[in-house]
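Here is the structure we will look at, set down as structure tokens.
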Amino acid sequence: MSSIPAKSSTEPSLLKRLDYSILQQCIHCGMCLPTCPTYDATKHETSSPRGRIALMRAVADGRLAPNSPQFADEMYFCLGCLACETVCPAGVNYAEMIEYARAEVESGGAKARVPRNFIRAFALRWLFAKPGRLRWIARLLRIDEAIGLSRALASLLPQRLRELRAQQPKICDRFSFDLIRETELPGTPRRYRVGLLVGCVQDVAYSDVNRDTVDVLLANGCEVFTPRNQSCCGSLMGHNGELEMARTLARQNLEAFPLENLDAIIVNSAGCGSFMKRYRHLLPDEPRARVWDEKVQDIHEWLVKIGIQAPRGSMPPTKTRVTYHEACHLVHGQKISQQPRELLRAIPGVELVELPEATWCCGSAGIYNITQPEMSQALLERKMKHIAATGAPIVATGNPGCIGQIRYGAQKLGVKLEIVHPITLLARAYRRDPLASRGCT
């Protein structure tokens, strides 16, 4: 590992607010190295989980300045995929450490390659801070899609802006609250009452997935409550060093959902779910946060827990091959891997084909594909090669960022693929048309 520069600041370290035993968990065994995409690409020790933890400890010990460019660059070069947590024999809590480390970068004013660029500040501190703002911008983008202004001007844009435009997901004609009533009742006797988080990007670009989620919950005997005053879950902020903003959003959700009257809070976005299950760490003095954590359930997890109602109808004459990409914050962050496969295998007409390196990050990682485009693109190309090897025309994955990233990869390569959420395939089966597309995606 490269030498650590001497500390040049006397400012107190945010990392010191962590229980120091968390920083001491790493035993430097190296089992994380082959699972880390950035170490795999660079073979630099500082670009590995244990290397980054060493930098964090150096900051906490006062041996490294929080505003060191080396520290800032490495904390944001990390994907936050949490593959290291899955293989770690010591149970390292890397998710909490990387969040505090990035908050350290933001408070320390480091001149890093990424954290203070305009796009990042606009997205985290303004756009996603208020759901109304995101919906307003989304409507403008929808109008642009209809009239084709930016498409006509695309050739005049710098290459990077053209790439960002190509990565922009299609905006839905109607958002979640247009498609989902605040309370929806099942047609059969009610078994459970659940709340639904509609998300941010999910709300404006994948609202059909939210509608599909409600339909599946209704088919499985769940009354669904979708509060209108809910906010962003805070994951984008928390994963990118804006912890205070994340806490504000978390408190808003604690107020929006009547926890005492809900059996579960359902989330269909892997990144959101992973963060929402850790509100008690974000808000340690808030008693309701612990209750919240206990009630948050990923949609795949919940359906397997209560027992999936088998879709009725005859078996299609031929099966369609479907492969499954495991979203990082579902498999590594929430340790949910088999449940989506159980769901997919329950769908008539689906032949599940295993994807090589299914648990390897696709390069989306929140806003990583915006802030670290080169590394993101390399990971996407690797993922697309494995998808092509399966021969499957449909890719299922449980995270909007992954859907958008893989869809962009297919478009860039000129490959005809359908990329969908597993819950959408199940919803189609309940509608007895398992291969028919519906909605804005």
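Chain labels A, B, ... are given in the sequence in which chains occur in the structure tokens; within each chain residues are numbered consecutively from 1, and ligands are likewise numbered from 1 in the order shown.
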List every residue of range 160-361 of chain A that DSSP, applied to the backbone of this structure, assigns to helix (DSSP H, G or I), and report them as a PyMOL selection string.
chain A and resi 160-167+176-179+201-205+207-219+235-238+243-256+259-261+270-276+279-282+287-295+299-306+328-331+338-345
Contact check, range 187-288 of chain A to range 334-343 of chain A, at most 9 Å, counting only C-alpha atoms, closest pairs as a tab-separated table:
```
residue	atom	partner	partner_atom	distance
A:Ala270	CA	A:Gln334	CA	8.1
A:Gly273	CA	A:Gln334	CA	7.7
A:Ser274	CA	A:Gln334	CA	5.7
A:Lys277	CA	A:Gln334	CA	8.4
```
Excluding His239 in chain A and its own-chain neighbours fewer than 5 positions away, which residues fall within 9 Å of it when counting only C-alpha atoms? Please give them as a PyMOL selection string.
chain A and resi 80+95+98-100+102-103+234+275+366
Please produce a file of the residues just selected, as a tab-separated table (two decimals), in the first residue's frame, where the atoms kept are N, CA, C and O atoms.
```tsv
chain	number	residue	atom	x	y	z
A	80	GLY	N	-19.38	1.13	-3.80
A	80	GLY	CA	-20.33	0.89	-2.73
A	80	GLY	C	-21.20	-0.32	-3.00
A	80	GLY	O	-22.33	-0.42	-2.52
A	95	ALA	N	-20.67	-0.82	4.75
A	95	ALA	CA	-21.68	0.14	4.32
A	95	ALA	C	-21.68	1.38	5.18
A	95	ALA	O	-21.70	2.51	4.68
A	98	ILE	N	-18.25	3.46	4.71
A	98	ILE	CA	-18.08	4.24	3.48
A	98	ILE	C	-18.99	5.46	3.50
A	98	ILE	O	-18.63	6.53	2.97
A	99	GLU	N	-20.16	5.35	4.12
A	99	GLU	CA	-21.04	6.51	4.22
A	99	GLU	C	-20.42	7.60	5.09
A	99	GLU	O	-20.45	8.78	4.74
A	100	TYR	N	-19.84	7.21	6.22
A	100	TYR	CA	-19.19	8.19	7.09
A	100	TYR	C	-17.94	8.76	6.43
A	100	TYR	O	-17.63	9.94	6.58
A	102	ARG	N	-17.44	9.22	3.23
A	102	ARG	CA	-17.83	10.19	2.21
A	102	ARG	C	-18.36	11.47	2.85
A	102	ARG	O	-18.15	12.58	2.32
A	103	ALA	N	-19.04	11.33	3.98
A	103	ALA	CA	-19.45	12.53	4.71
A	103	ALA	C	-18.22	13.29	5.19
A	103	ALA	O	-18.22	14.52	5.23
A	234	GLY	N	-33.66	8.61	0.95
A	234	GLY	CA	-32.40	9.17	1.43
A	234	GLY	C	-31.17	8.37	1.04
A	234	GLY	O	-30.05	8.75	1.40
A	275	PHE	N	-30.85	0.73	2.19
A	275	PHE	CA	-30.66	1.90	3.06
A	275	PHE	C	-31.78	2.02	4.08
A	275	PHE	O	-31.55	2.34	5.24
A	366	GLY	N	-25.98	3.81	-8.14
A	366	GLY	CA	-26.50	5.12	-7.80
A	366	GLY	C	-26.19	6.13	-8.89
A	366	GLY	O	-26.73	6.06	-9.99
```
Counting only C-alpha atoms, what is within 8 Å of Cys402 in chain A, bar same-chain residues fewer than 4 positions away, as a list in words?
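Once the adjacent positions are removed, what remains is Ala327, Cys362, Ser364, Ala365, Thr397, Gly398 and Ile406 of chain A.
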What's around range 282-287 of chain A at 12 Å? Count only C-alpha atoms, leave out sequence neighbours fewer than 4 positions away in its own chain, and write the answer as a ChimeraX atom specification.
/A:18,95-96,99-100,233-235,237-239,242-251,254-255,259,275-278,291-294
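The set of residues in range 48-294 of chain A assigned to strand (DSSP E) by DSSP, using only backbone atoms of this structure, is Thr183, Glu184, Tyr192, Arg193, Val194, Gly195, Leu196, Cys222, Glu223, Val224, Phe225, Ala264, Ile265, Ile266 and Val267 of chain A.
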Polymer residues at most 8 Å from range 212-227 of chain A, only C-alpha atoms, same-chain spacing of 3 or more positions, as a short mmCIF file (atom, residue, chain, number, x, y, z; two decimals) with all heavy atoms, in the first residue's frame:
```cif
data_model
loop_
_atom_site.label_atom_id
_atom_site.label_comp_id
_atom_site.auth_asym_id
_atom_site.auth_seq_id
_atom_site.Cartn_x
_atom_site.Cartn_y
_atom_site.Cartn_z
N ILE A 180 -51.79 4.88 -8.87
CA ILE A 180 -52.05 4.13 -7.64
C ILE A 180 -52.89 4.98 -6.69
O ILE A 180 -52.50 6.11 -6.35
CB ILE A 180 -50.73 3.73 -6.95
CG1 ILE A 180 -49.85 2.91 -7.90
CG2 ILE A 180 -51.00 2.97 -5.66
CD1 ILE A 180 -48.42 2.73 -7.41
N ARG A 181 -54.03 4.45 -6.26
CA ARG A 181 -54.81 5.15 -5.24
C ARG A 181 -54.11 5.05 -3.89
O ARG A 181 -53.35 4.11 -3.65
CB ARG A 181 -56.21 4.55 -5.16
CG ARG A 181 -57.06 4.81 -6.41
CD ARG A 181 -58.49 4.31 -6.22
NE ARG A 181 -58.51 2.85 -6.07
CZ ARG A 181 -58.57 2.00 -7.09
NH1 ARG A 181 -58.59 2.46 -8.34
NH2 ARG A 181 -58.60 0.70 -6.87
N GLU A 182 -54.40 5.99 -3.01
CA GLU A 182 -53.71 6.00 -1.72
C GLU A 182 -53.94 4.71 -0.95
O GLU A 182 -53.03 4.17 -0.33
CB GLU A 182 -54.14 7.20 -0.88
CG GLU A 182 -53.30 7.35 0.39
CD GLU A 182 -53.46 8.70 1.04
OE1 GLU A 182 -54.56 9.28 0.95
OE2 GLU A 182 -52.48 9.18 1.66
N THR A 183 -55.15 4.19 -1.01
CA THR A 183 -55.46 2.89 -0.41
C THR A 183 -56.11 2.00 -1.46
O THR A 183 -57.08 2.42 -2.11
CB THR A 183 -56.40 3.03 0.81
OG1 THR A 183 -55.74 3.79 1.83
CG2 THR A 183 -56.76 1.66 1.36
N GLU A 184 -55.57 0.82 -1.66
CA GLU A 184 -56.15 -0.15 -2.59
C GLU A 184 -56.41 -1.45 -1.85
O GLU A 184 -55.56 -1.94 -1.09
CB GLU A 184 -55.21 -0.37 -3.78
CG GLU A 184 -54.95 0.89 -4.59
CD GLU A 184 -54.86 0.63 -6.08
OE1 GLU A 184 -55.18 -0.50 -6.51
OE2 GLU A 184 -54.48 1.56 -6.80
N LEU A 185 -57.60 -2.02 -2.10
CA LEU A 185 -58.04 -3.22 -1.39
C LEU A 185 -58.01 -4.43 -2.32
O LEU A 185 -58.36 -4.33 -3.50
CB LEU A 185 -59.45 -3.03 -0.84
CG LEU A 185 -59.64 -1.88 0.15
CD1 LEU A 185 -61.11 -1.70 0.48
CD2 LEU A 185 -58.84 -2.13 1.42
N PRO A 186 -57.61 -5.59 -1.78
CA PRO A 186 -57.60 -6.81 -2.61
C PRO A 186 -59.01 -7.30 -2.88
O PRO A 186 -59.94 -7.00 -2.11
CB PRO A 186 -56.81 -7.80 -1.75
CG PRO A 186 -57.05 -7.36 -0.34
CD PRO A 186 -57.14 -5.85 -0.40
N GLY A 187 -59.18 -8.04 -3.98
CA GLY A 187 -60.48 -8.60 -4.30
C GLY A 187 -60.83 -9.82 -3.47
O GLY A 187 -61.98 -10.26 -3.47
N THR A 188 -59.84 -10.36 -2.78
CA THR A 188 -60.03 -11.51 -1.90
C THR A 188 -59.91 -11.04 -0.44
O THR A 188 -59.52 -9.90 -0.20
CB THR A 188 -58.98 -12.58 -2.19
OG1 THR A 188 -57.67 -11.99 -2.05
CG2 THR A 188 -59.11 -13.10 -3.62
N PRO A 189 -60.26 -11.89 0.53
CA PRO A 189 -60.11 -11.47 1.93
C PRO A 189 -58.71 -10.97 2.24
O PRO A 189 -57.71 -11.57 1.82
CB PRO A 189 -60.43 -12.76 2.71
CG PRO A 189 -61.37 -13.50 1.81
CD PRO A 189 -60.89 -13.22 0.42
N ARG A 190 -58.63 -9.86 2.95
CA ARG A 190 -57.34 -9.24 3.25
C ARG A 190 -56.54 -10.10 4.22
O ARG A 190 -57.04 -10.51 5.26
CB ARG A 190 -57.56 -7.86 3.86
CG ARG A 190 -56.28 -7.06 4.01
CD ARG A 190 -56.52 -5.75 4.72
NE ARG A 190 -56.61 -5.93 6.17
CZ ARG A 190 -56.80 -4.94 7.03
NH1 ARG A 190 -56.95 -3.71 6.60
NH2 ARG A 190 -56.86 -5.19 8.32
N ARG A 191 -55.28 -10.34 3.86
CA ARG A 191 -54.37 -11.08 4.72
C ARG A 191 -53.44 -10.13 5.48
O ARG A 191 -53.09 -10.37 6.63
CB ARG A 191 -53.53 -12.06 3.90
CG ARG A 191 -54.34 -13.09 3.13
CD ARG A 191 -53.47 -13.81 2.10
NE ARG A 191 -52.40 -14.57 2.71
CZ ARG A 191 -51.31 -14.98 2.07
NH1 ARG A 191 -51.13 -14.65 0.80
NH2 ARG A 191 -50.40 -15.69 2.70
N TYR A 192 -53.02 -9.06 4.80
CA TYR A 192 -52.06 -8.13 5.39
C TYR A 192 -52.38 -6.71 4.92
O TYR A 192 -53.06 -6.52 3.90
CB TYR A 192 -50.62 -8.47 4.96
CG TYR A 192 -50.20 -9.89 5.28
CD1 TYR A 192 -50.30 -10.90 4.32
CD2 TYR A 192 -49.72 -10.21 6.55
CE1 TYR A 192 -49.92 -12.19 4.61
CE2 TYR A 192 -49.34 -11.52 6.85
CZ TYR A 192 -49.45 -12.50 5.87
OH TYR A 192 -49.08 -13.79 6.17
N ARG A 193 -51.86 -5.74 5.68
CA ARG A 193 -51.91 -4.33 5.26
C ARG A 193 -50.48 -3.83 5.19
O ARG A 193 -49.74 -3.90 6.18
CB ARG A 193 -52.72 -3.48 6.23
CG ARG A 193 -52.89 -2.02 5.76
CD ARG A 193 -53.87 -1.27 6.64
NE ARG A 193 -54.24 0.01 6.04
CZ ARG A 193 -53.78 1.20 6.43
NH1 ARG A 193 -52.91 1.27 7.45
NH2 ARG A 193 -54.16 2.30 5.83
N VAL A 194 -50.09 -3.34 4.02
CA VAL A 194 -48.70 -2.93 3.82
C VAL A 194 -48.64 -1.52 3.27
O VAL A 194 -49.60 -1.02 2.66
CB VAL A 194 -47.97 -3.89 2.85
CG1 VAL A 194 -48.00 -5.32 3.37
CG2 VAL A 194 -48.55 -3.81 1.44
N GLY A 195 -47.51 -0.85 3.50
CA GLY A 195 -47.24 0.44 2.90
C GLY A 195 -46.29 0.26 1.73
O GLY A 195 -45.53 -0.70 1.67
N LEU A 196 -46.33 1.20 0.77
CA LEU A 196 -45.48 1.10 -0.41
C LEU A 196 -44.68 2.39 -0.58
O LEU A 196 -45.24 3.49 -0.59
CB LEU A 196 -46.32 0.88 -1.67
CG LEU A 196 -45.54 0.86 -3.00
CD1 LEU A 196 -44.64 -0.38 -3.07
CD2 LEU A 196 -46.49 0.91 -4.19
N LEU A 197 -43.36 2.25 -0.73
CA LEU A 197 -42.51 3.37 -1.10
C LEU A 197 -42.44 3.45 -2.62
O LEU A 197 -42.13 2.46 -3.27
CB LEU A 197 -41.10 3.20 -0.53
CG LEU A 197 -40.19 4.40 -0.82
CD1 LEU A 197 -40.16 5.33 0.38
CD2 LEU A 197 -38.77 3.96 -1.17
N VAL A 198 -42.73 4.63 -3.18
CA VAL A 198 -42.72 4.75 -4.65
C VAL A 198 -41.36 5.16 -5.19
O VAL A 198 -41.10 5.01 -6.39
CB VAL A 198 -43.79 5.76 -5.13
CG1 VAL A 198 -45.17 5.29 -4.73
CG2 VAL A 198 -43.51 7.17 -4.63
N ASP A 208 -44.71 2.26 -13.82
CA ASP A 208 -45.41 1.03 -14.17
C ASP A 208 -44.96 -0.12 -13.28
O ASP A 208 -45.76 -1.02 -12.96
CB ASP A 208 -45.19 0.68 -15.64
CG ASP A 208 -43.73 0.58 -16.03
OD1 ASP A 208 -42.91 1.30 -15.45
OD2 ASP A 208 -43.40 -0.22 -16.93
N VAL A 209 -43.69 -0.11 -12.84
CA VAL A 209 -43.22 -1.14 -11.91
C VAL A 209 -43.91 -0.98 -10.56
O VAL A 209 -44.28 -1.97 -9.91
CB VAL A 209 -41.69 -1.08 -11.75
CG1 VAL A 209 -41.21 -2.11 -10.74
CG2 VAL A 209 -41.00 -1.30 -13.09
N GLN A 230 -44.99 10.91 1.44
CA GLN A 230 -43.70 10.23 1.57
C GLN A 230 -42.64 10.98 0.78
O GLN A 230 -42.94 11.75 -0.13
CB GLN A 230 -43.79 8.79 1.08
CG GLN A 230 -44.15 8.63 -0.38
CD GLN A 230 -44.20 7.17 -0.80
OE1 GLN A 230 -43.16 6.55 -1.08
NE2 GLN A 230 -45.41 6.60 -0.86
N ALA A 256 -44.64 9.80 7.62
CA ALA A 256 -45.62 9.53 6.56
C ALA A 256 -46.28 8.17 6.68
O ALA A 256 -47.46 8.01 6.31
CB ALA A 256 -44.94 9.65 5.19
N PHE A 257 -45.55 7.16 7.17
CA PHE A 257 -46.08 5.80 7.23
C PHE A 257 -46.57 5.48 8.64
O PHE A 257 -45.80 5.57 9.61
CB PHE A 257 -45.00 4.80 6.82
CG PHE A 257 -44.70 4.78 5.35
CD1 PHE A 257 -43.81 5.70 4.80
CD2 PHE A 257 -45.31 3.86 4.51
CE1 PHE A 257 -43.52 5.70 3.44
CE2 PHE A 257 -45.02 3.84 3.15
CZ PHE A 257 -44.14 4.77 2.61
N ASN A 268 -39.48 -1.88 -3.74
CA ASN A 268 -39.13 -2.70 -4.90
C ASN A 268 -37.83 -2.25 -5.56
O ASN A 268 -37.50 -2.68 -6.66
CB ASN A 268 -40.27 -2.71 -5.92
CG ASN A 268 -40.69 -1.32 -6.35
OD1 ASN A 268 -39.92 -0.36 -6.24
ND2 ASN A 268 -41.92 -1.19 -6.83
N ILE A 299 -39.80 -6.50 -1.90
CA ILE A 299 -40.99 -7.15 -2.45
C ILE A 299 -40.78 -8.65 -2.67
O ILE A 299 -41.66 -9.46 -2.38
CB ILE A 299 -41.46 -6.46 -3.75
CG1 ILE A 299 -42.71 -7.12 -4.31
CG2 ILE A 299 -40.35 -6.42 -4.80
CD1 ILE A 299 -43.92 -7.02 -3.41
N LEU A 303 -42.96 -11.56 -0.60
CA LEU A 303 -43.81 -12.53 -1.27
C LEU A 303 -43.44 -13.96 -0.91
O LEU A 303 -44.31 -14.82 -0.72
CB LEU A 303 -43.73 -12.34 -2.79
CG LEU A 303 -44.39 -11.06 -3.33
CD1 LEU A 303 -44.10 -10.91 -4.81
CD2 LEU A 303 -45.90 -11.07 -3.08
N ILE A 308 -46.13 -17.12 -2.24
CA ILE A 308 -46.58 -16.56 -3.52
C ILE A 308 -47.80 -17.32 -4.02
O ILE A 308 -47.79 -18.55 -4.09
CB ILE A 308 -45.46 -16.64 -4.57
CG1 ILE A 308 -44.21 -15.91 -4.09
CG2 ILE A 308 -45.93 -16.06 -5.91
CD1 ILE A 308 -43.01 -16.12 -4.98
N GLN A 309 -48.86 -16.58 -4.35
CA GLN A 309 -50.02 -17.20 -4.97
C GLN A 309 -49.68 -17.53 -6.43
O GLN A 309 -49.30 -16.64 -7.19
CB GLN A 309 -51.21 -16.24 -4.92
CG GLN A 309 -51.68 -15.91 -3.51
CD GLN A 309 -52.21 -17.12 -2.78
OE1 GLN A 309 -53.04 -17.89 -3.31
NE2 GLN A 309 -51.75 -17.33 -1.55
N ILE A 423 -40.86 -8.37 -10.70
CA ILE A 423 -42.26 -8.20 -10.29
C ILE A 423 -43.15 -7.89 -11.48
O ILE A 423 -44.34 -8.21 -11.49
CB ILE A 423 -42.36 -7.09 -9.20
CG1 ILE A 423 -43.52 -7.41 -8.24
CG2 ILE A 423 -42.53 -5.72 -9.79
CD1 ILE A 423 -43.27 -8.59 -7.36
N THR A 424 -42.58 -7.27 -12.52
CA THR A 424 -43.35 -6.99 -13.73
C THR A 424 -43.72 -8.28 -14.44
O THR A 424 -44.85 -8.44 -14.94
CB THR A 424 -42.55 -6.06 -14.66
OG1 THR A 424 -42.46 -4.77 -14.05
CG2 THR A 424 -43.21 -5.93 -16.02
N LEU A 426 -44.12 -11.17 -13.03
CA LEU A 426 -45.14 -11.83 -12.22
C LEU A 426 -46.50 -11.15 -12.41
O LEU A 426 -47.53 -11.82 -12.52
CB LEU A 426 -44.74 -11.81 -10.75
CG LEU A 426 -45.68 -12.54 -9.78
CD1 LEU A 426 -45.85 -14.00 -10.17
CD2 LEU A 426 -45.18 -12.43 -8.35
N ALA A 427 -46.50 -9.82 -12.47
CA ALA A 427 -47.75 -9.09 -12.68
C ALA A 427 -48.37 -9.46 -14.02
O ALA A 427 -49.60 -9.62 -14.13
CB ALA A 427 -47.50 -7.58 -12.61
N TYR A 430 -50.15 -12.74 -13.66
CA TYR A 430 -51.45 -12.61 -13.01
C TYR A 430 -52.49 -12.05 -13.99
O TYR A 430 -53.68 -12.36 -13.89
CB TYR A 430 -51.36 -11.69 -11.79
CG TYR A 430 -50.68 -12.33 -10.60
CD1 TYR A 430 -49.72 -11.64 -9.88
CD2 TYR A 430 -51.02 -13.61 -10.18
CE1 TYR A 430 -49.09 -12.20 -8.78
CE2 TYR A 430 -50.40 -14.19 -9.08
CZ TYR A 430 -49.44 -13.48 -8.38
OH TYR A 430 -48.81 -14.05 -7.31
#
```
Work out how far apart CA of Cys36 in chain A and CA of Pro49 in chain A are and give it in Å to one decimal.
7.3 Å
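The space between CA of Gly148 in chain A and CA of Lys170 in chain A spans 12.6 Å.
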Selected residue, from A:Ser68, A:Thr359, A:Thr320, A:Gln25, that lies nearest to Pro89 in chain A when counting only C-alpha atoms
A:Gln25
With only C-alpha atoms as the atoms that count, which of A:Lys130, A:Ser269, A:Leu15, A:Gln372 lies nearest to Asp61 in chain A?
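Residue with the minimum atom-to-atom distance to Asp61 in chain A: A:Leu15.
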I'd like the interatomic distance between CA of Gly349 in chain A and CA of Arg407 in chain A, to a tenth of an Å.
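CA of Gly349 in chain A sits 22.7 Å away from CA of Arg407 in chain A.
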